[in-house]
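Listing of structure_17.txt, compact mmCIF, C-alpha atoms
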```txt
# COMPACT_ATOMS: atom_id res chain seq x y z
CA MET C 200 0.00 0.00 0.00
CA ARG C 201 2.83 2.36 0.92
CA SER C 202 4.60 1.53 -2.35
CA LEU C 203 1.43 2.28 -4.30
CA LEU C 204 1.06 5.65 -2.57
CA LYS C 205 4.67 6.54 -3.35
CA ARG C 206 4.15 5.62 -7.01
CA PHE C 207 1.00 7.75 -7.17
CA ALA C 208 2.81 10.70 -5.57
CA SER C 209 5.68 10.36 -8.06
CA LEU C 210 3.28 10.23 -11.02
CA ARG C 211 1.37 13.25 -9.73
CA SER C 212 4.63 15.14 -9.34
CA GLN C 213 5.63 14.33 -12.94
CA VAL C 214 2.24 15.48 -14.25
CA SER C 215 2.49 18.73 -12.29
CA LEU C 216 5.98 19.29 -13.73
CA ILE C 217 4.69 18.76 -17.28
CA VAL C 218 1.90 21.28 -16.72
CA LEU C 219 4.37 23.78 -15.28
CA VAL C 220 6.72 23.40 -18.26
CA VAL C 221 3.82 23.81 -20.71
CA VAL C 222 2.62 26.94 -18.91
CA LEU C 223 6.14 28.41 -18.96
CA VAL C 224 6.42 27.69 -22.70
CA GLY C 225 3.07 29.40 -23.23
CA VAL C 226 4.18 32.47 -21.25
CA ALA C 227 7.43 32.60 -23.22
CA GLY C 228 5.46 32.36 -26.47
CA LEU C 229 3.18 35.21 -25.43
CA TRP C 230 6.15 37.36 -24.46
CA ALA C 231 7.83 36.59 -27.81
CA PHE C 232 4.69 37.57 -29.74
CA ILE C 233 4.40 40.87 -27.88
CA ALA C 234 8.10 41.61 -28.41
CA VAL C 235 7.91 40.88 -32.14
CA ALA C 236 4.70 42.86 -32.55
CA ASP C 237 6.20 45.86 -30.75
CA SER C 238 9.36 45.73 -32.89
CA VAL C 239 7.31 45.51 -36.08
CA ARG C 240 5.15 48.51 -35.06
CA GLU C 241 8.28 50.54 -34.35
CA GLY C 242 9.81 49.52 -37.70
CA HIS C 243 12.89 48.01 -36.08
CA THR C 244 12.63 44.77 -38.06
CA GLN C 245 11.94 46.19 -41.51
CA LYS C 246 15.55 46.20 -42.68
CA PHE C 247 16.02 42.56 -41.72
CA ASP C 248 12.64 41.57 -43.21
CA ASP C 249 13.45 43.22 -46.54
CA TRP C 250 16.86 41.56 -46.65
CA ALA C 251 15.41 38.12 -45.92
CA ILE C 252 12.74 38.43 -48.62
CA ARG C 253 15.22 39.66 -51.22
CA SER C 254 17.86 37.03 -50.36
CA LEU C 255 15.46 34.26 -51.43
CA ARG C 256 15.23 35.61 -55.00
CA ARG C 257 17.82 35.73 -57.74
CA ALA C 258 19.82 38.94 -57.73
CA ASN C 259 19.19 39.61 -61.43
CA ASP C 260 15.52 38.52 -61.38
CA PRO C 261 13.38 39.22 -58.27
CA ALA C 262 10.51 37.23 -59.78
CA THR C 263 12.51 33.98 -59.69
CA PRO C 264 13.20 32.26 -56.34
CA ILE C 265 16.62 30.82 -55.63
CA GLY C 266 17.20 27.12 -56.18
CA PRO C 267 16.20 24.70 -58.93
CA PRO C 268 12.86 25.19 -60.75
CA TRP C 269 11.19 22.30 -58.89
CA LEU C 270 11.82 23.99 -55.52
CA ALA C 271 9.21 26.65 -56.27
CA GLU C 272 6.63 23.91 -56.86
CA VAL C 273 7.62 22.27 -53.57
CA GLY C 274 7.17 25.63 -51.87
CA ARG C 275 3.63 25.91 -53.23
CA ASP C 276 2.84 22.38 -52.06
CA LEU C 277 4.17 23.06 -48.58
CA THR C 278 2.40 26.39 -48.22
CA ALA C 279 -0.89 24.65 -49.07
CA LEU C 280 -0.49 22.54 -45.91
CA GLY C 281 -1.22 25.70 -43.93
CA GLY C 282 -4.13 26.85 -46.07
CA VAL C 283 -7.62 27.19 -44.63
CA ALA C 284 -9.07 24.58 -47.00
CA VAL C 285 -6.52 21.89 -46.11
CA LEU C 286 -6.59 22.59 -42.37
CA LEU C 287 -10.39 22.59 -42.21
CA LEU C 288 -10.46 19.35 -44.20
CA VAL C 289 -8.04 17.75 -41.73
CA THR C 290 -9.93 19.16 -38.74
CA PHE C 291 -13.35 17.97 -39.87
CA SER C 292 -11.93 14.55 -40.78
CA VAL C 293 -10.58 14.16 -37.24
CA ALA C 294 -13.84 15.51 -35.84
CA GLY C 295 -15.70 12.88 -37.86
CA TYR C 296 -13.61 10.13 -36.29
CA LEU C 297 -14.23 11.51 -32.79
CA LEU C 298 -17.95 11.68 -33.56
CA MET C 299 -18.03 8.03 -34.64
CA ALA C 300 -16.01 7.08 -31.56
CA LYS C 301 -18.62 8.93 -29.46
CA LYS C 302 -15.99 11.29 -28.06
CA TYR C 303 -18.31 14.26 -28.36
CA HIS C 304 -16.56 16.59 -25.94
CA ALA C 305 -13.16 15.94 -27.52
CA MET C 306 -14.72 16.57 -30.93
CA TRP C 307 -16.03 19.96 -29.83
CA LEU C 308 -12.67 20.87 -28.34
CA VAL C 309 -10.91 20.14 -31.65
CA LEU C 310 -13.46 22.17 -33.59
CA ILE C 311 -13.41 25.09 -31.15
CA ALA C 312 -9.61 25.12 -31.06
CA THR C 313 -9.41 25.35 -34.87
CA ILE C 314 -12.31 27.70 -35.56
CA GLY C 315 -11.44 29.83 -32.53
CA GLY C 316 -7.85 30.06 -33.73
CA LEU C 317 -9.03 31.16 -37.17
CA LEU C 318 -11.11 33.89 -35.55
CA VAL C 319 -8.19 35.06 -33.38
CA SER C 320 -5.92 35.13 -36.44
CA SER C 321 -8.42 37.31 -38.32
CA ILE C 322 -8.74 39.70 -35.36
CA LEU C 323 -4.96 40.07 -35.07
CA LYS C 324 -4.60 40.73 -38.79
CA HIS C 325 -7.31 43.39 -38.62
CA ALA C 326 -5.67 44.98 -35.57
CA PHE C 327 -2.19 45.29 -37.10
CA GLN C 328 -3.06 45.88 -40.77
CA ARG C 329 0.52 45.37 -41.97
CA ASP C 330 0.98 45.55 -45.73
CA ARG C 331 2.23 42.52 -47.60
CA PRO C 332 5.83 42.53 -48.88
CA GLU C 333 6.09 44.40 -52.19
CA LEU C 334 9.80 43.91 -52.70
CA VAL C 335 9.33 40.82 -54.89
CA PRO C 336 6.41 39.36 -56.89
CA HIS C 337 4.16 37.03 -54.89
CA LEU C 338 4.19 33.36 -55.84
CA SER C 339 0.92 32.70 -54.00
CA LEU C 340 -2.39 34.56 -53.97
CA VAL C 341 -3.10 36.64 -50.86
CA TYR C 342 -6.28 38.35 -49.69
CA THR C 343 -5.59 39.59 -46.15
CA SER C 344 -3.01 41.71 -44.33
CA SER C 345 0.41 40.36 -43.45
CA PHE C 346 0.84 40.29 -39.65
CA PRO C 347 0.73 37.69 -38.22
CA SER C 348 1.01 34.92 -40.81
CA GLY C 349 -2.33 33.10 -40.79
CA HIS C 350 -0.83 30.00 -42.42
CA SER C 351 1.89 29.80 -39.75
CA MET C 352 -0.52 30.40 -36.89
CA MET C 353 -3.18 27.97 -38.06
CA SER C 354 -0.70 25.22 -38.91
CA ALA C 355 0.76 25.55 -35.40
CA ILE C 356 -2.72 25.30 -33.89
CA VAL C 357 -4.01 22.38 -35.95
CA TYR C 358 -0.86 20.26 -36.22
CA LEU C 359 0.16 20.75 -32.58
CA THR C 360 -3.37 19.95 -31.43
CA LEU C 361 -3.48 16.78 -33.53
CA GLY C 362 0.09 15.88 -32.57
CA SER C 363 -0.74 16.11 -28.87
CA LEU C 364 -3.92 14.08 -29.47
CA LEU C 365 -1.97 11.29 -31.19
CA ALA C 366 0.67 11.43 -28.46
CA ARG C 367 -2.02 10.87 -25.82
CA LEU C 368 -3.27 7.82 -27.72
CA SER C 369 0.22 6.32 -27.94
CA GLN C 370 2.37 4.40 -25.50
CA GLY C 371 6.06 5.13 -25.08
CA PHE C 372 8.03 8.34 -24.72
CA TRP C 373 9.74 8.21 -28.12
CA ILE C 374 6.50 7.63 -30.01
CA LYS C 375 4.89 10.58 -28.25
CA LEU C 376 7.95 12.69 -29.02
CA TYR C 377 7.78 11.59 -32.67
CA PHE C 378 4.22 12.90 -33.11
CA ILE C 379 5.04 16.22 -31.46
CA GLY C 380 8.21 16.47 -33.55
CA VAL C 381 6.32 15.85 -36.81
CA ALA C 382 3.77 18.52 -35.83
CA LEU C 383 6.54 21.04 -35.17
CA PHE C 384 8.33 20.10 -38.41
CA LEU C 385 5.19 20.60 -40.53
CA THR C 386 4.52 23.92 -38.84
CA ALA C 387 8.09 25.04 -39.53
CA LEU C 388 7.89 24.04 -43.21
CA VAL C 389 4.66 25.98 -43.72
CA GLY C 390 6.14 29.12 -42.17
CA VAL C 391 9.36 28.98 -44.19
CA SER C 392 7.38 28.43 -47.39
CA ARG C 393 5.42 31.65 -46.79
CA VAL C 394 8.64 33.66 -46.81
CA TYR C 395 9.92 31.72 -49.82
CA MET C 396 6.70 32.53 -51.67
CA GLY C 397 7.34 36.21 -50.97
CA VAL C 398 3.97 36.76 -49.29
CA HIS C 399 5.20 37.17 -45.70
CA TYR C 400 8.07 38.73 -43.83
CA PRO C 401 9.99 36.45 -41.43
CA THR C 402 8.59 38.41 -38.47
CA ASP C 403 5.05 37.70 -39.71
CA VAL C 404 5.85 34.00 -39.60
CA LEU C 405 7.53 34.20 -36.18
CA ALA C 406 4.49 36.02 -34.79
CA GLY C 407 2.19 33.41 -36.33
CA TRP C 408 4.17 30.56 -34.81
CA THR C 409 4.17 32.09 -31.32
CA ALA C 410 0.49 33.09 -31.44
CA GLY C 411 -0.47 29.60 -32.65
CA LEU C 412 1.65 27.98 -29.95
CA VAL C 413 0.02 30.08 -27.23
CA TRP C 414 -3.49 29.29 -28.50
CA ALA C 415 -2.73 25.55 -28.80
CA ILE C 416 -1.32 25.49 -25.25
CA LEU C 417 -4.34 27.38 -23.94
CA CYS C 418 -6.68 24.85 -25.54
CA TRP C 419 -4.59 21.98 -24.11
CA LEU C 420 -4.80 23.43 -20.61
CA VAL C 421 -8.57 23.92 -20.93
CA ALA C 422 -8.96 20.32 -22.14
CA ARG C 423 -6.86 19.09 -19.23
CA TYR C 424 -8.94 21.08 -16.75
CA LEU C 425 -12.17 19.70 -18.20
CA GLN C 426 -10.76 16.17 -18.03
CA HIS C 427 -10.13 16.52 -14.32
CA ARG C 428 -13.72 17.70 -13.88
CA GLY C 429 -14.97 14.74 -15.91
CA ALA C 430 -16.39 16.92 -18.69
CA VAL C 431 -14.04 15.48 -21.33
CA GLU C 432 -13.04 11.87 -21.91
CA ASN C 433 -9.76 11.13 -20.19
CA GLU C 434 -6.76 9.43 -21.74
CA ASP C 435 -7.61 5.97 -20.40
CA GLN C 436 -11.14 6.12 -21.84
CA THR C 437 -9.85 7.32 -25.21
CA THR C 438 -7.24 4.56 -25.33
CA GLU C 439 -9.81 1.90 -24.46
CA SER C 440 -12.08 3.04 -27.30
CA ILE C 441 -9.51 2.18 -29.98
CA LYS C 442 -8.53 -1.25 -28.64
```
Show how you would write the structure in this file as C-alpha cells.
Amino acid sequence: MRSLLKRFASLRSQVSLIVLVVVLVGVAGLWAFIAVADSVREGHTQKFDDWAIRSLRRANDPATPIGPPWLAEVGRDLTALGGVAVLLLVTFSVAGYLLMAKKYHAMWLVLIATIGGLLVSSILKHAFQRDRPELVPHLSLVYTSSFPSGHSMMSAIVYLTLGSLLARLSQGFWIKLYFIGVALFLTALVGVSRVYMGVHYPTDVLAGWTAGLVWAILCWLVARYLQHRGAVENEDQTTESIK
C-alpha cells in the first residue's frame, strides 16, 4: 500500500511538472509575440525583413526564387499545408472520427480550437493591418493583411493539437515525441514556405508561430482542466475506445 502511494505521488509530481513546463512555454510564447509585434510597429525589423525576402530571390531577377525550378513547386505544395481549406479538411476529418467514436466533448474541443484560432488570427490581422511585402512578386495569392502569418498560426494550432492528441493515444516516450516532432516540423515548413513565396516577412511568420503555440497550449490546458472535472473523456477512456 505504501509503495502504491509513493508511485501515485511520483506520477502526480511528474504530471504537475509537465503542466508547469507547458505553462512556462506558453508564457514565453506570449512574451515573444508581444516583443515581435512591438518591434514591427516601431519599424525596427523592416531592414532585416526586406533583406530576408530579397535574399530568397535571384539577384538579377526578383521574380525567380533561388534554387532549382522544382523547388518553387515544392514551396507551393508546402504552403498549401497551412491553407484554410486543407486545415479545415483535416480538422473535420478528425472531428468525424471523434464523432463516430462517441468522443463528443473531444470533438467539440478540436473544432473550437481550430475555428477559434481562425477567428483570433483574423482579429490580429485586422488589428495590425501590416501591408504585404512588395519587394518581390508574390508566388501565391493573398487576400488579407500580413501580420501575423495566418498560415503559420493555423498550422501551429491544428498540427500541434493533432500531434498532442496522437501522443495521448500512444504508448512510449519516443512515439509521443515523434508525433510532437512531426507537428513542429510541418509547422516550420509551412512558415518557411510563406517567406519563400514572398507573401510574408519572417517576423510575420515568427508572430504566427508564437500566437499559434500560445493558442494551442491554452486549448490543451482547458482540455486538461475539463478532463479533471470529468467533462471530457480522459486518456484511459480514449485509449480503451480504440482497442
Find the residues around range 226-241 of chain C up to 10 Å (all atoms listed in the file counted), leave out those fewer than 3 positions away in its own chain, and share them as a ChimeraX atom specification. /C:220-223,244-245,248,327,329,346-347,402-403,405-414,416
Exercise: range 336-342 of chain C partners within 6 Å, only C-alpha atoms, chain neighbours under 2 positions left out, as a list of chain:residue names: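 These residues fall inside the cut-off: C:Ala262, C:Met396, C:Gly397, C:Val398.
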By how many Å are CA of Met353 in chain C and CA of His325 in chain C apart? 16.0 Å
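Of the residues under consideration (C:Val283, C:Lys324, C:Leu297, C:Leu255), C:Leu255 shows the shortest atom-to-atom contact distance to Ala271 in chain C when counting all atoms listed in the file.
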Please identify all polymer residues lying at most 12 Å from the point (3.8, 12.4, -36.3) (file coordinates), using all atoms listed in the file, and present the result as a count of residues only. 24
Between CA of Gly225 in chain C and CA of Val404 in chain C, what is the distance, to one decimal in Å?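 Between these atoms lies a distance of 17.2 Å.
Going from CA of Leu388 in chain C to CA of Arg275 in chain C covers 11.0 Å.
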List the residues sitting within 10 Å of (13.8, 42.3, -46.8) in the file's frame, using all atoms listed in the file, as a ChimeraX atom specification. /C:244-255,332-335,397,400-401
Export of the given selection (C-alpha atoms) as a PDB file, keeping the file's coordinate frame:
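Wrote it out as part_22.pdb, contents follow:
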```pdb
ATOM      1  CA  THR C 244      12.630  44.770 -38.060  1.00  0.00           C
ATOM      2  CA  GLN C 245      11.940  46.190 -41.510  1.00  0.00           C
ATOM      3  CA  LYS C 246      15.550  46.200 -42.680  1.00  0.00           C
ATOM      4  CA  PHE C 247      16.020  42.560 -41.720  1.00  0.00           C
ATOM      5  CA  ASP C 248      12.640  41.570 -43.210  1.00  0.00           C
ATOM      6  CA  ASP C 249      13.450  43.220 -46.540  1.00  0.00           C
ATOM      7  CA  TRP C 250      16.860  41.560 -46.650  1.00  0.00           C
ATOM      8  CA  ALA C 251      15.410  38.120 -45.920  1.00  0.00           C
ATOM      9  CA  ILE C 252      12.740  38.430 -48.620  1.00  0.00           C
ATOM     10  CA  ARG C 253      15.220  39.660 -51.220  1.00  0.00           C
ATOM     11  CA  SER C 254      17.860  37.030 -50.360  1.00  0.00           C
ATOM     12  CA  LEU C 255      15.460  34.260 -51.430  1.00  0.00           C
ATOM     13  CA  PRO C 332       5.830  42.530 -48.880  1.00  0.00           C
ATOM     14  CA  GLU C 333       6.090  44.400 -52.190  1.00  0.00           C
ATOM     15  CA  LEU C 334       9.800  43.910 -52.700  1.00  0.00           C
ATOM     16  CA  VAL C 335       9.330  40.820 -54.890  1.00  0.00           C
ATOM     17  CA  GLY C 397       7.340  36.210 -50.970  1.00  0.00           C
ATOM     18  CA  TYR C 400       8.070  38.730 -43.830  1.00  0.00           C
ATOM     19  CA  PRO C 401       9.990  36.450 -41.430  1.00  0.00           C
TER      20      PRO C 401
END
```
Find, counting all atoms listed in the file, the residue in C:Ala312, C:Val289, C:Val394, C:Ala284 that gets nearest to Arg256 in chain C.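 So, comparing all the options, the nearest one is C:Val394.
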With distances taken over only C-alpha atoms, the candidate from C:Val224, C:Ala415, C:Met299, C:Leu368 nearest Leu317 in chain C is C:Ala415
Please determine an axis-aligned box that encloses all atoms of range 293-305 of chain C listed in the file, with 3 Å added on each side, and express its centre and edge lengths in Å to one decimal as JSON.
```
{"center_x": -14.6, "center_y": 11.8, "center_z": -31.9, "size_x": 14.0, "size_y": 15.5, "size_z": 17.9}
```
Would you pick out the contacts of Ala326 in chain C at 10 Å or less, using all atoms listed in the file, so that residues sharing its chain but fewer than 4 positions from it are not included, and give the list as a PDB file with C-alpha atoms, in the frame of the given file?
```pdb
ATOM      1  CA  SER C 320      -5.920  35.130 -36.440  1.00  0.00           C
ATOM      2  CA  SER C 321      -8.420  37.310 -38.320  1.00  0.00           C
ATOM      3  CA  ILE C 322      -8.740  39.700 -35.360  1.00  0.00           C
ATOM      4  CA  SER C 344      -3.010  41.710 -44.330  1.00  0.00           C
ATOM      5  CA  PHE C 346       0.840  40.290 -39.650  1.00  0.00           C
TER       6      PHE C 346
END
```
Residues near Val389 in chain C, cut-off 8 Å, only C-alpha atoms, skip fewer than 6 positions along chain, as a count of residues only: 8
Save range 285-410 of chain C of the structure in the block above to a file, with C-alpha atoms included, as an mmCIF file, in the first residue's frame.
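This went into result-v3.cif:
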```
data_model
loop_
_atom_site.group_PDB
_atom_site.id
_atom_site.type_symbol
_atom_site.label_atom_id
_atom_site.label_comp_id
_atom_site.auth_asym_id
_atom_site.auth_seq_id
_atom_site.Cartn_x
_atom_site.Cartn_y
_atom_site.Cartn_z
ATOM 1 C CA VAL C 285 -6.515 21.886 -46.108
ATOM 2 C CA LEU C 286 -6.589 22.589 -42.373
ATOM 3 C CA LEU C 287 -10.385 22.591 -42.215
ATOM 4 C CA LEU C 288 -10.461 19.346 -44.197
ATOM 5 C CA VAL C 289 -8.044 17.746 -41.729
ATOM 6 C CA THR C 290 -9.931 19.164 -38.743
ATOM 7 C CA PHE C 291 -13.354 17.970 -39.869
ATOM 8 C CA SER C 292 -11.926 14.551 -40.779
ATOM 9 C CA VAL C 293 -10.578 14.159 -37.240
ATOM 10 C CA ALA C 294 -13.845 15.509 -35.835
ATOM 11 C CA GLY C 295 -15.698 12.884 -37.855
ATOM 12 C CA TYR C 296 -13.606 10.129 -36.287
ATOM 13 C CA LEU C 297 -14.233 11.514 -32.787
ATOM 14 C CA LEU C 298 -17.948 11.682 -33.564
ATOM 15 C CA MET C 299 -18.027 8.028 -34.644
ATOM 16 C CA ALA C 300 -16.008 7.077 -31.555
ATOM 17 C CA LYS C 301 -18.621 8.935 -29.456
ATOM 18 C CA LYS C 302 -15.989 11.286 -28.056
ATOM 19 C CA TYR C 303 -18.307 14.262 -28.360
ATOM 20 C CA HIS C 304 -16.559 16.588 -25.940
ATOM 21 C CA ALA C 305 -13.162 15.939 -27.522
ATOM 22 C CA MET C 306 -14.721 16.572 -30.935
ATOM 23 C CA TRP C 307 -16.032 19.960 -29.832
ATOM 24 C CA LEU C 308 -12.674 20.868 -28.341
ATOM 25 C CA VAL C 309 -10.909 20.139 -31.646
ATOM 26 C CA LEU C 310 -13.463 22.175 -33.593
ATOM 27 C CA ILE C 311 -13.411 25.088 -31.154
ATOM 28 C CA ALA C 312 -9.609 25.117 -31.064
ATOM 29 C CA THR C 313 -9.412 25.352 -34.869
ATOM 30 C CA ILE C 314 -12.309 27.697 -35.564
ATOM 31 C CA GLY C 315 -11.441 29.834 -32.532
ATOM 32 C CA GLY C 316 -7.847 30.063 -33.728
ATOM 33 C CA LEU C 317 -9.033 31.156 -37.169
ATOM 34 C CA LEU C 318 -11.106 33.888 -35.548
ATOM 35 C CA VAL C 319 -8.185 35.063 -33.377
ATOM 36 C CA SER C 320 -5.923 35.135 -36.445
ATOM 37 C CA SER C 321 -8.422 37.313 -38.322
ATOM 38 C CA ILE C 322 -8.741 39.700 -35.360
ATOM 39 C CA LEU C 323 -4.964 40.070 -35.070
ATOM 40 C CA LYS C 324 -4.602 40.731 -38.793
ATOM 41 C CA HIS C 325 -7.306 43.387 -38.622
ATOM 42 C CA ALA C 326 -5.673 44.980 -35.569
ATOM 43 C CA PHE C 327 -2.186 45.290 -37.096
ATOM 44 C CA GLN C 328 -3.062 45.882 -40.765
ATOM 45 C CA ARG C 329 0.518 45.368 -41.972
ATOM 46 C CA ASP C 330 0.981 45.554 -45.731
ATOM 47 C CA ARG C 331 2.225 42.524 -47.603
ATOM 48 C CA PRO C 332 5.827 42.526 -48.881
ATOM 49 C CA GLU C 333 6.090 44.404 -52.188
ATOM 50 C CA LEU C 334 9.797 43.905 -52.702
ATOM 51 C CA VAL C 335 9.329 40.820 -54.889
ATOM 52 C CA PRO C 336 6.410 39.356 -56.885
ATOM 53 C CA HIS C 337 4.157 37.034 -54.889
ATOM 54 C CA LEU C 338 4.190 33.360 -55.843
ATOM 55 C CA SER C 339 0.915 32.701 -54.000
ATOM 56 C CA LEU C 340 -2.389 34.563 -53.975
ATOM 57 C CA VAL C 341 -3.101 36.643 -50.864
ATOM 58 C CA TYR C 342 -6.277 38.348 -49.688
ATOM 59 C CA THR C 343 -5.590 39.591 -46.154
ATOM 60 C CA SER C 344 -3.012 41.705 -44.333
ATOM 61 C CA SER C 345 0.408 40.355 -43.446
ATOM 62 C CA PHE C 346 0.845 40.291 -39.650
ATOM 63 C CA PRO C 347 0.733 37.688 -38.220
ATOM 64 C CA SER C 348 1.009 34.922 -40.808
ATOM 65 C CA GLY C 349 -2.329 33.095 -40.789
ATOM 66 C CA HIS C 350 -0.826 30.004 -42.424
ATOM 67 C CA SER C 351 1.889 29.796 -39.752
ATOM 68 C CA MET C 352 -0.520 30.401 -36.889
ATOM 69 C CA MET C 353 -3.183 27.968 -38.057
ATOM 70 C CA SER C 354 -0.704 25.219 -38.909
ATOM 71 C CA ALA C 355 0.755 25.545 -35.399
ATOM 72 C CA ILE C 356 -2.725 25.298 -33.887
ATOM 73 C CA VAL C 357 -4.008 22.382 -35.954
ATOM 74 C CA TYR C 358 -0.863 20.264 -36.216
ATOM 75 C CA LEU C 359 0.163 20.748 -32.581
ATOM 76 C CA THR C 360 -3.373 19.951 -31.431
ATOM 77 C CA LEU C 361 -3.481 16.779 -33.532
ATOM 78 C CA GLY C 362 0.087 15.882 -32.573
ATOM 79 C CA SER C 363 -0.741 16.111 -28.869
ATOM 80 C CA LEU C 364 -3.917 14.081 -29.466
ATOM 81 C CA LEU C 365 -1.970 11.288 -31.188
ATOM 82 C CA ALA C 366 0.668 11.426 -28.461
ATOM 83 C CA ARG C 367 -2.019 10.872 -25.821
ATOM 84 C CA LEU C 368 -3.274 7.823 -27.717
ATOM 85 C CA SER C 369 0.221 6.315 -27.941
ATOM 86 C CA GLN C 370 2.368 4.397 -25.505
ATOM 87 C CA GLY C 371 6.062 5.128 -25.083
ATOM 88 C CA PHE C 372 8.027 8.341 -24.719
ATOM 89 C CA TRP C 373 9.737 8.209 -28.125
ATOM 90 C CA ILE C 374 6.497 7.627 -30.013
ATOM 91 C CA LYS C 375 4.894 10.581 -28.245
ATOM 92 C CA LEU C 376 7.952 12.691 -29.019
ATOM 93 C CA TYR C 377 7.775 11.593 -32.669
ATOM 94 C CA PHE C 378 4.220 12.895 -33.107
ATOM 95 C CA ILE C 379 5.041 16.222 -31.459
ATOM 96 C CA GLY C 380 8.208 16.471 -33.551
ATOM 97 C CA VAL C 381 6.321 15.855 -36.807
ATOM 98 C CA ALA C 382 3.772 18.520 -35.831
ATOM 99 C CA LEU C 383 6.545 21.037 -35.170
ATOM 100 C CA PHE C 384 8.327 20.100 -38.409
ATOM 101 C CA LEU C 385 5.194 20.596 -40.532
ATOM 102 C CA THR C 386 4.520 23.919 -38.835
ATOM 103 C CA ALA C 387 8.094 25.040 -39.530
ATOM 104 C CA LEU C 388 7.893 24.042 -43.211
ATOM 105 C CA VAL C 389 4.664 25.977 -43.720
ATOM 106 C CA GLY C 390 6.138 29.118 -42.166
ATOM 107 C CA VAL C 391 9.363 28.983 -44.188
ATOM 108 C CA SER C 392 7.381 28.428 -47.387
ATOM 109 C CA ARG C 393 5.421 31.648 -46.793
ATOM 110 C CA VAL C 394 8.638 33.665 -46.806
ATOM 111 C CA TYR C 395 9.918 31.721 -49.817
ATOM 112 C CA MET C 396 6.696 32.531 -51.672
ATOM 113 C CA GLY C 397 7.345 36.211 -50.974
ATOM 114 C CA VAL C 398 3.972 36.755 -49.293
ATOM 115 C CA HIS C 399 5.198 37.173 -45.699
ATOM 116 C CA TYR C 400 8.071 38.728 -43.833
ATOM 117 C CA PRO C 401 9.994 36.455 -41.427
ATOM 118 C CA THR C 402 8.588 38.412 -38.475
ATOM 119 C CA ASP C 403 5.047 37.699 -39.710
ATOM 120 C CA VAL C 404 5.855 34.001 -39.598
ATOM 121 C CA LEU C 405 7.529 34.197 -36.182
ATOM 122 C CA ALA C 406 4.490 36.016 -34.788
ATOM 123 C CA GLY C 407 2.189 33.410 -36.333
ATOM 124 C CA TRP C 408 4.171 30.558 -34.806
ATOM 125 C CA THR C 409 4.169 32.093 -31.317
ATOM 126 C CA ALA C 410 0.492 33.087 -31.438
#
```
